[in-house]
There are 2 protein chains.
Amino acid sequence: MYNIKCTVAYDGTFFAGWQIQKKARTVQEEIEKALSKMYKTRIKITGSGRTDSGVHALNQVFNYHTPAFIPENSVTSGLNSLTSDDIVIKEIEYVSNDFHATKSAISKTYEYLILNTAKPSPFYRNHCWHISDYIEPGKLEKILKLFEGTHDFSSFCKKRSIVDKPIRTINTTSVRQIRDFLKIEINADGFLHNMVRNIVGTALHVYRKKLNPEIIKDMFNAKDRSAAGPTAPAKGLFLKKVYY
Amino acid sequence: MYNIKCTVAYDGTFFAGWQIQKKARTVQEEIEKALSKMYKTRIKITGSGRTDSGVHALNQVFNYHTPAFIPENSVTSGLNSLTSDDIVIKEIEYVSNDFHATKSAISKTYEYLILNTAKPSPFYRNHCWHISDYIEPGKLEKILKLFEGTHDFSSFCKKRSIVDKPIRTINTTSVRQIRDFLKIEINADGFLHNMVRNIVGTALHVYRKKLNPEIIKDMFNAKDRSAAGPTAPAKGLFLKKVYY
């Protein structure tokens with residue numbers, strides 16, 4: 001059996017997220033259908049993780065197994081012609097059989113995009129969070145840095161999704177201003193459900209309400225979602241890179 | 001009567017163009033409905049010109065008359081709350097009564113966006129023309145420069161739309177590379193139907209087929225749409241600025 005690693009970008013706007021579900025359009029289902037058509041047999045794929053409804057990916061990674069050999073370029077172009085144009089297959093790679101898109105991942109980087117202008121943009125309406133009051137990147141970054149390190153992220157996880165071990169390590173955070181945008185990047189060994197959106201929403205909340213950043217320690221200690229700030233909208237979130 | 005000049009940006013993807021028509025969603029209709037609701041009386045607007053289905057605007061201009069005074073900021077925020085988020089009202093200005101969005105226009109600048117990368121982007125799928133073979137900006141600009149000046153643009157006008165006097169003057173053209181994009185800009189005293197798209201499509205045709213650029217003179221002389229090159233897709237076209 002061949003093991004194939006695939007890197008894919010998608011606009012999450014018109015998808016009910018990555019994972020297959022009944023009666024909703026999902027990225028996983030659209031790719032599996034295309035692959036199954038191409039290989040003329042049922043193909044199942046394993047993503048590096050799920051993304052929620054409205055969340056985008058610059059480089060999501062998945063893998064699948066197949067006994068049939070098709071050259072990399074043919075898989076790429078075949079898949080791109082069989083999927084709709086909000087999915088773009090970027091790279092296909094034959095990898096060793098022990099590669100597993102979920103389990104082999106060492107860390108992931110998410111990007112969160114804020115449009116920081118007086119007026120919103122009709123062109124970016126599905127791809128950023130528009131905030132009209134000026135955000136100073138350096139100050140926001142200082143707040144975000146408080147999330148770095150190993151913590152129990154229960155307060156920053158969707159309530160009904162809390163897992164057994166809600167401990168994660170955030171390796172790096174950054175805020176860069178690029179023209180009218182603020183790009184927030186967070187790299188961690190793993191993310192709980194809604195973790196990036198809850199961290200971004202909370203950091204912005206602390207910034208805009210001029211709260212003492214020390215409050216973030218209390219939020220961690222509470223281990224309760226209601227202790228932290230609001231959830232930033234899905235449309236600003238991009239899975240940027242999965243590291244193996 | 002007050003005369004109000006309004007600058008608006010819109011994503012043309014889900015509109016059947018600017019101009020009102022039966023059984024189709026248009027920008028003009030959506031704005032007129034919002035204004036009529038706001039002023040509690042039927043308001044008609046005059047655009048600087050039409051844009052076709054799928055064509056976008058960074059700064060389209062329209063004007064309308066009303067006996068009621070509403071402060072500029074209230075008109076802006078009112079309209080933005082009453083229109084959907086693919087329309088963004090950017091500026092409202094009270095102007096003298098002789099201002100007419102169509103007739104007062106001296107020139108217009110259109111921008112045409114090409115994504116010049118090996119793979120398309122799911123995020124820009126409705127906002128650029130994706131061309132995977134490398135385009136050298138300087139060479140393309142040289143071809144475009146041949147369109148500058150005063151010409152009979154019949155060969156670059158949608159066949160059934162040829163007007164009485166198809167003479168227009170292109171003042172400036174430029175091609176700039178901005179990261180993965182090529183931005184083509186054309187300023188002219190006016191544009192015939194599909195003129196920018198036909199010029200861009202023809203320039204790219206001449207470039208990619210390595211034709212002698214002198215052929216453009218023959219195209220002008222033919223005064224026949226079939227003598228020129230193909231029409232570039234609507235989705236890459238943006239009305240950038242109207243000069244008064």
# chains A, B, ... in the order shown; residues from 1 in each chain; ligands from 1
>>> interface_residues(of="chain B", to="chain A", cutoff="12 Å", atoms="only C-alpha atoms", output="number ranges by chain")
B: 8-14, 55-59, 73, 76-77, 80-81, 83-91, 117-128, 130, 235, 238
>>> write_last_selection(atoms="N, CA and C atoms", output="CSV table (one decimal), in the first residue's frame")
chain,number,residue,atom,x,y,z
B,8,VAL,N,-18.8,54.0,-3.0
B,8,VAL,CA,-19.1,52.7,-2.5
B,8,VAL,C,-18.2,51.6,-3.0
B,9,ALA,N,-17.8,50.7,-2.2
B,9,ALA,CA,-17.1,49.5,-2.6
B,9,ALA,C,-18.0,48.3,-2.7
B,10,TYR,N,-17.9,47.4,-3.6
B,10,TYR,CA,-18.7,46.2,-3.6
B,10,TYR,C,-18.0,45.0,-4.3
B,11,ASP,N,-18.3,43.9,-3.7
B,11,ASP,CA,-17.8,42.6,-4.3
B,11,ASP,C,-18.9,42.2,-5.3
B,12,GLY,N,-18.5,42.2,-6.6
B,12,GLY,CA,-19.5,41.9,-7.6
B,12,GLY,C,-19.9,40.4,-7.8
B,13,THR,N,-19.3,39.6,-7.0
B,13,THR,CA,-19.4,38.1,-7.2
B,13,THR,C,-20.9,37.7,-7.3
B,14,PHE,N,-21.7,38.1,-6.3
B,14,PHE,CA,-23.0,37.6,-6.2
B,14,PHE,C,-24.1,38.6,-6.7
B,55,VAL,N,-18.2,41.9,-11.9
B,55,VAL,CA,-17.2,43.0,-11.8
B,55,VAL,C,-17.3,43.7,-10.4
B,56,HIS,N,-16.2,44.1,-9.9
B,56,HIS,CA,-16.1,44.7,-8.5
B,56,HIS,C,-15.9,46.2,-8.6
B,57,ALA,N,-16.1,46.8,-7.4
B,57,ALA,CA,-15.7,48.2,-7.4
B,57,ALA,C,-15.0,48.5,-6.0
B,58,LEU,N,-13.9,49.2,-6.1
B,58,LEU,CA,-13.2,49.7,-4.9
B,58,LEU,C,-13.8,51.1,-4.5
B,59,ASN,N,-14.1,51.9,-5.6
B,59,ASN,CA,-14.7,53.2,-5.3
B,59,ASN,C,-15.6,53.6,-6.5
B,73,ASN,N,-22.4,61.0,8.5
B,73,ASN,CA,-22.0,59.8,9.2
B,73,ASN,C,-23.2,58.9,9.4
B,76,THR,N,-24.0,57.2,6.1
B,76,THR,CA,-23.0,56.1,5.9
B,76,THR,C,-23.3,54.9,6.8
B,77,SER,N,-23.5,55.1,8.1
B,77,SER,CA,-23.8,54.0,9.0
B,77,SER,C,-25.1,53.3,8.7
B,80,ASN,N,-24.9,51.3,5.6
B,80,ASN,CA,-24.1,50.1,5.8
B,80,ASN,C,-24.9,49.0,6.6
B,81,SER,N,-25.8,49.5,7.5
B,81,SER,CA,-26.5,48.5,8.3
B,81,SER,C,-27.7,48.0,7.4
B,83,THR,N,-27.6,47.5,4.0
B,83,THR,CA,-27.2,46.7,2.9
B,83,THR,C,-26.4,45.5,3.3
B,84,SER,N,-26.3,44.5,2.5
B,84,SER,CA,-25.6,43.3,2.9
B,84,SER,C,-24.1,43.6,2.9
B,85,ASP,N,-23.3,42.7,3.4
B,85,ASP,CA,-21.9,43.0,3.7
B,85,ASP,C,-21.0,42.9,2.4
B,86,ASP,N,-21.6,42.6,1.3
B,86,ASP,CA,-20.8,42.7,0.0
B,86,ASP,C,-20.9,44.1,-0.6
B,87,ILE,N,-21.6,45.0,0.1
B,87,ILE,CA,-21.6,46.4,-0.3
B,87,ILE,C,-21.1,47.2,1.0
B,88,VAL,N,-20.1,48.1,0.8
B,88,VAL,CA,-19.7,48.9,1.8
B,88,VAL,C,-19.6,50.4,1.4
B,89,ILE,N,-20.5,51.2,2.0
B,89,ILE,CA,-20.5,52.6,1.8
B,89,ILE,C,-19.3,53.2,2.4
B,90,LYS,N,-18.4,53.9,1.6
B,90,LYS,CA,-17.2,54.4,2.2
B,90,LYS,C,-17.3,55.9,2.5
B,91,GLU,N,-18.0,56.7,1.7
B,91,GLU,CA,-18.0,58.1,2.0
B,91,GLU,C,-19.3,58.7,1.4
B,117,THR,N,0.5,32.6,-10.3
B,117,THR,CA,1.2,31.5,-9.5
B,117,THR,C,0.9,30.2,-10.1
B,118,ALA,N,1.7,29.2,-9.8
B,118,ALA,CA,1.5,27.9,-10.3
B,118,ALA,C,0.1,27.3,-10.0
B,119,LYS,N,-0.3,27.5,-8.7
B,119,LYS,CA,-1.6,27.0,-8.3
B,119,LYS,C,-2.5,28.2,-8.0
B,120,PRO,N,-3.8,28.0,-8.3
B,120,PRO,CA,-4.8,29.0,-8.0
B,120,PRO,C,-4.9,29.2,-6.4
B,121,SER,N,-5.7,30.2,-6.0
B,121,SER,CA,-5.9,30.4,-4.6
B,121,SER,C,-7.4,30.3,-4.3
B,122,PRO,N,-7.8,29.4,-3.3
B,122,PRO,CA,-9.2,29.3,-3.0
B,122,PRO,C,-9.8,30.7,-2.5
B,123,PHE,N,-8.9,31.5,-2.0
B,123,PHE,CA,-9.4,32.8,-1.3
B,123,PHE,C,-9.6,33.9,-2.4
B,124,TYR,N,-8.9,33.8,-3.5
B,124,TYR,CA,-9.0,34.9,-4.5
B,124,TYR,C,-9.8,34.4,-5.7
B,125,ARG,N,-10.5,33.3,-5.6
B,125,ARG,CA,-11.1,32.6,-6.7
B,125,ARG,C,-12.1,33.5,-7.4
B,126,ASN,N,-12.7,34.5,-6.7
B,126,ASN,CA,-13.7,35.4,-7.3
B,126,ASN,C,-13.2,36.8,-7.6
B,127,HIS,N,-11.9,37.0,-7.3
B,127,HIS,CA,-11.3,38.3,-7.3
B,127,HIS,C,-10.1,38.5,-8.1
B,128,CYS,N,-9.8,37.6,-9.0
B,128,CYS,CA,-8.7,37.7,-9.9
B,128,CYS,C,-8.8,36.7,-11.0
B,130,HIS,N,-6.6,33.9,-12.6
B,130,HIS,CA,-5.4,33.1,-12.3
B,130,HIS,C,-4.8,32.6,-13.6
B,235,LYS,N,-14.3,38.5,-13.2
B,235,LYS,CA,-13.9,38.5,-11.8
B,235,LYS,C,-12.6,39.2,-11.4
B,238,PHE,N,-11.8,45.6,-11.4
B,238,PHE,CA,-12.3,46.4,-10.3
B,238,PHE,C,-12.3,47.9,-10.8
>>> select_by_dssp(residues="segment 151-222 of chain B", states="strand (DSSP E or B)", output="list in words")
His151, Asp152, Ile167, Arg168, Thr169, Ile170, Asn171, Thr172, Thr173, Ser174, Val175, Arg176, Gln177, Ile178, Phe181, Leu182, Lys183, Ile184, Glu185, Ile186, Asn187 and Ala188 of chain B
>>> write_last_selection(atoms="C-alpha atoms", output="PDB file, in the first residue's frame")
ATOM      1  CA  HIS B 151      -8.569  55.518 -30.749  1.00  0.00           C
ATOM      2  CA  ASP B 152     -11.736  54.052 -32.181  1.00  0.00           C
ATOM      3  CA  ILE B 167     -13.727  57.044 -29.711  1.00  0.00           C
ATOM      4  CA  ARG B 168     -12.066  57.047 -26.301  1.00  0.00           C
ATOM      5  CA  THR B 169      -8.765  58.310 -24.935  1.00  0.00           C
ATOM      6  CA  ILE B 170      -6.628  56.119 -22.720  1.00  0.00           C
ATOM      7  CA  ASN B 171      -4.439  58.419 -20.642  1.00  0.00           C
ATOM      8  CA  THR B 172      -2.274  55.934 -18.776  1.00  0.00           C
ATOM      9  CA  THR B 173      -1.655  52.214 -18.469  1.00  0.00           C
ATOM     10  CA  SER B 174       0.585  50.369 -16.035  1.00  0.00           C
ATOM     11  CA  VAL B 175       1.449  46.892 -14.863  1.00  0.00           C
ATOM     12  CA  ARG B 176       2.861  46.388 -11.388  1.00  0.00           C
ATOM     13  CA  GLN B 177       3.944  43.188  -9.712  1.00  0.00           C
ATOM     14  CA  ILE B 178       2.775  43.014  -6.104  1.00  0.00           C
ATOM     15  CA  PHE B 181      -0.202  39.437  -8.286  1.00  0.00           C
ATOM     16  CA  LEU B 182      -0.007  41.576 -11.383  1.00  0.00           C
ATOM     17  CA  LYS B 183      -2.018  44.768 -11.104  1.00  0.00           C
ATOM     18  CA  ILE B 184      -2.961  46.331 -14.418  1.00  0.00           C
ATOM     19  CA  GLU B 185      -4.292  49.882 -14.275  1.00  0.00           C
ATOM     20  CA  ILE B 186      -5.953  51.750 -17.113  1.00  0.00           C
ATOM     21  CA  ASN B 187      -7.143  55.343 -16.896  1.00  0.00           C
ATOM     22  CA  ALA B 188      -9.326  56.704 -19.692  1.00  0.00           C
TER      23      ALA B 188
END
>>> residues_around(residues="Ala203 of chain A", least_positions_apart="4", cutoff="10 Å", atoms="only C-alpha atoms", output="short mmCIF file (atom, residue, chain, number, x, y, z; two decimals) with N, CA and C atoms, in the first residue's frame")
data_model
loop_
_atom_site.label_atom_id
_atom_site.label_comp_id
_atom_site.auth_asym_id
_atom_site.auth_seq_id
_atom_site.Cartn_x
_atom_site.Cartn_y
_atom_site.Cartn_z
N LEU A 140 -0.86 44.39 21.79
CA LEU A 140 -1.61 43.13 21.68
C LEU A 140 -0.67 41.94 21.79
N GLU A 141 0.52 42.07 21.21
CA GLU A 141 1.49 40.98 21.26
C GLU A 141 1.92 40.69 22.70
N LYS A 142 2.10 41.77 23.48
CA LYS A 142 2.49 41.60 24.88
C LYS A 142 1.46 40.76 25.63
N ILE A 143 0.18 41.02 25.35
CA ILE A 143 -0.89 40.26 26.01
C ILE A 143 -0.84 38.80 25.55
N LEU A 144 -0.66 38.62 24.25
CA LEU A 144 -0.64 37.25 23.70
C LEU A 144 0.51 36.42 24.28
N LYS A 145 1.64 37.09 24.53
CA LYS A 145 2.82 36.38 25.05
C LYS A 145 2.50 35.66 26.37
N LEU A 146 1.50 36.18 27.10
CA LEU A 146 1.13 35.59 28.39
C LEU A 146 0.49 34.21 28.23
N PHE A 147 0.13 33.88 26.98
CA PHE A 147 -0.44 32.57 26.73
C PHE A 147 0.64 31.53 26.40
N ARG A 197 -9.40 30.75 18.68
CA ARG A 197 -10.44 31.79 18.66
C ARG A 197 -10.71 32.32 20.07
N ASN A 198 -10.62 31.46 21.08
CA ASN A 198 -10.85 31.91 22.45
C ASN A 198 -9.66 32.73 22.97
N ILE A 199 -8.46 32.36 22.58
CA ILE A 199 -7.28 33.13 22.99
C ILE A 199 -7.31 34.52 22.32
N TYR A 207 -7.26 43.78 25.82
CA TYR A 207 -6.71 44.99 25.20
C TYR A 207 -7.73 46.12 25.17
N ARG A 208 -8.90 45.82 24.64
CA ARG A 208 -9.89 46.88 24.40
C ARG A 208 -10.53 47.38 25.69
N LYS A 209 -10.66 46.48 26.68
CA LYS A 209 -11.25 46.89 27.97
C LYS A 209 -10.17 47.42 28.91
N LEU A 211 -7.93 45.90 30.56
CA LEU A 211 -7.83 45.11 31.79
C LEU A 211 -6.36 44.87 32.11
N PRO A 213 -3.38 42.73 32.38
CA PRO A 213 -3.10 41.44 31.73
C PRO A 213 -2.91 40.29 32.72
N ILE A 216 -5.18 37.19 33.01
CA ILE A 216 -5.09 35.95 32.22
C ILE A 216 -4.66 34.77 33.10
N ALA A 228 -13.00 33.21 30.93
CA ALA A 228 -12.20 33.90 29.92
C ALA A 228 -13.08 34.80 29.05
N GLY A 229 -12.47 35.40 28.02
CA GLY A 229 -13.18 36.34 27.16
C GLY A 229 -13.95 35.66 26.05
N PRO A 230 -14.53 36.47 25.17
CA PRO A 230 -15.38 35.94 24.09
C PRO A 230 -14.56 35.19 23.02
N ALA A 232 -13.43 34.72 19.25
CA ALA A 232 -13.29 35.49 18.01
C ALA A 232 -13.99 34.75 16.87
#
>>> select_by_dssp(residues="chain A", states="alpha helix (DSSP H)", output="JSON, numbers by chain")
{"A": [27, 28, 29, 30, 31, 32, 33, 34, 35, 36, 37, 38, 39, 72, 73, 74, 75, 76, 77, 78, 79, 80, 81, 82, 137, 138, 139, 140, 141, 142, 143, 144, 145, 195, 196, 197, 198, 199, 200, 201, 202, 203, 204, 205, 206, 207, 208, 215, 216, 217, 218, 219, 220, 221, 222]}
>>> write_last_selection(atoms="C-alpha atoms", output="mmCIF file, in the first residue's frame")
data_model
loop_
_atom_site.group_PDB
_atom_site.id
_atom_site.type_symbol
_atom_site.label_atom_id
_atom_site.label_comp_id
_atom_site.auth_asym_id
_atom_site.auth_seq_id
_atom_site.Cartn_x
_atom_site.Cartn_y
_atom_site.Cartn_z
ATOM 1 C CA VAL A 27 -14.088 19.524 2.976
ATOM 2 C CA GLN A 28 -13.320 15.928 3.925
ATOM 3 C CA GLU A 29 -16.330 14.588 2.075
ATOM 4 C CA GLU A 30 -15.611 16.572 -1.081
ATOM 5 C CA ILE A 31 -12.002 15.366 -1.171
ATOM 6 C CA GLU A 32 -12.933 11.748 -0.391
ATOM 7 C CA LYS A 33 -15.509 11.766 -3.181
ATOM 8 C CA ALA A 34 -12.962 13.122 -5.649
ATOM 9 C CA LEU A 35 -10.300 10.598 -4.590
ATOM 10 C CA SER A 36 -12.762 7.719 -4.708
ATOM 11 C CA LYS A 37 -13.740 8.742 -8.233
ATOM 12 C CA MET A 38 -10.113 9.006 -9.290
ATOM 13 C CA TYR A 39 -9.005 5.680 -7.783
ATOM 14 C CA GLU A 72 2.098 13.107 -7.941
ATOM 15 C CA ASN A 73 1.250 15.707 -10.592
ATOM 16 C CA SER A 74 -1.625 13.637 -11.914
ATOM 17 C CA VAL A 75 -3.115 13.285 -8.432
ATOM 18 C CA THR A 76 -2.807 17.044 -7.897
ATOM 19 C CA SER A 77 -4.361 18.051 -11.205
ATOM 20 C CA GLY A 78 -6.952 15.278 -11.049
ATOM 21 C CA LEU A 79 -8.082 16.287 -7.575
ATOM 22 C CA ASN A 80 -8.128 19.975 -8.469
ATOM 23 C CA SER A 81 -10.357 19.292 -11.455
ATOM 24 C CA LEU A 82 -12.699 17.076 -9.421
ATOM 25 C CA PRO A 137 0.261 45.477 17.446
ATOM 26 C CA GLY A 138 2.996 45.693 20.096
ATOM 27 C CA LYS A 139 0.524 45.986 22.962
ATOM 28 C CA LEU A 140 -1.614 43.134 21.676
ATOM 29 C CA GLU A 141 1.491 40.982 21.260
ATOM 30 C CA LYS A 142 2.488 41.600 24.884
ATOM 31 C CA ILE A 143 -0.888 40.258 26.007
ATOM 32 C CA LEU A 144 -0.640 37.253 23.699
ATOM 33 C CA LYS A 145 2.819 36.379 25.052
ATOM 34 C CA MET A 195 -8.596 27.392 21.466
ATOM 35 C CA VAL A 196 -7.146 29.932 19.013
ATOM 36 C CA ARG A 197 -10.443 31.792 18.664
ATOM 37 C CA ASN A 198 -10.847 31.913 22.453
ATOM 38 C CA ILE A 199 -7.279 33.132 22.994
ATOM 39 C CA VAL A 200 -7.626 35.809 20.289
ATOM 40 C CA GLY A 201 -11.058 36.866 21.561
ATOM 41 C CA THR A 202 -9.747 37.060 25.122
ATOM 42 C CA ALA A 203 -6.556 38.948 24.185
ATOM 43 C CA LEU A 204 -8.612 41.512 22.262
ATOM 44 C CA HIS A 205 -11.051 41.751 25.164
ATOM 45 C CA VAL A 206 -8.210 42.444 27.626
ATOM 46 C CA TYR A 207 -6.710 44.990 25.202
ATOM 47 C CA ARG A 208 -9.888 46.883 24.403
ATOM 48 C CA ILE A 215 -6.152 38.615 34.729
ATOM 49 C CA ILE A 216 -5.085 35.955 32.224
ATOM 50 C CA LYS A 217 -3.431 34.009 35.058
ATOM 51 C CA ASP A 218 -6.762 33.993 36.900
ATOM 52 C CA MET A 219 -8.475 32.790 33.740
ATOM 53 C CA PHE A 220 -6.049 29.865 33.445
ATOM 54 C CA ASN A 221 -6.528 29.008 37.107
ATOM 55 C CA ALA A 222 -10.324 29.044 36.856
#
>>> closest_residue(among="B:Val95, B:Ala68, B:Ile45, B:Val242", to="Met1 of chain B", atoms="only C-alpha atoms")
B:Ala68
>>> residues_around(residues="Lys108 of chain A", least_positions_apart="2", cutoff="8 Å", atoms="only C-alpha atoms", output="PyMOL selection string")
chain A and resi 105-106+110+187-190+239-243
>>> write_last_selection(atoms="C-alpha atoms", output="PDB file, in the first residue's frame")
ATOM      1  CA  ALA A 105       2.100  16.090  13.799  1.00  0.00           C
ATOM      2  CA  ILE A 106       4.586  17.742  16.172  1.00  0.00           C
ATOM      3  CA  TYR A 110      -2.658  28.986  13.156  1.00  0.00           C
ATOM      4  CA  ASN A 187       2.277  27.816  17.191  1.00  0.00           C
ATOM      5  CA  ALA A 188       1.495  25.031  19.670  1.00  0.00           C
ATOM      6  CA  ASP A 189       1.999  21.303  20.060  1.00  0.00           C
ATOM      7  CA  GLY A 190      -1.753  20.947  19.737  1.00  0.00           C
ATOM      8  CA  LEU A 239      -4.689  26.751   9.675  1.00  0.00           C
ATOM      9  CA  LYS A 240      -1.320  27.888   8.365  1.00  0.00           C
ATOM     10  CA  LYS A 241       1.079  24.977   8.731  1.00  0.00           C
ATOM     11  CA  VAL A 242       1.367  21.544  10.267  1.00  0.00           C
ATOM     12  CA  TYR A 243       4.869  20.539  11.333  1.00  0.00           C
TER      13      TYR A 243
END
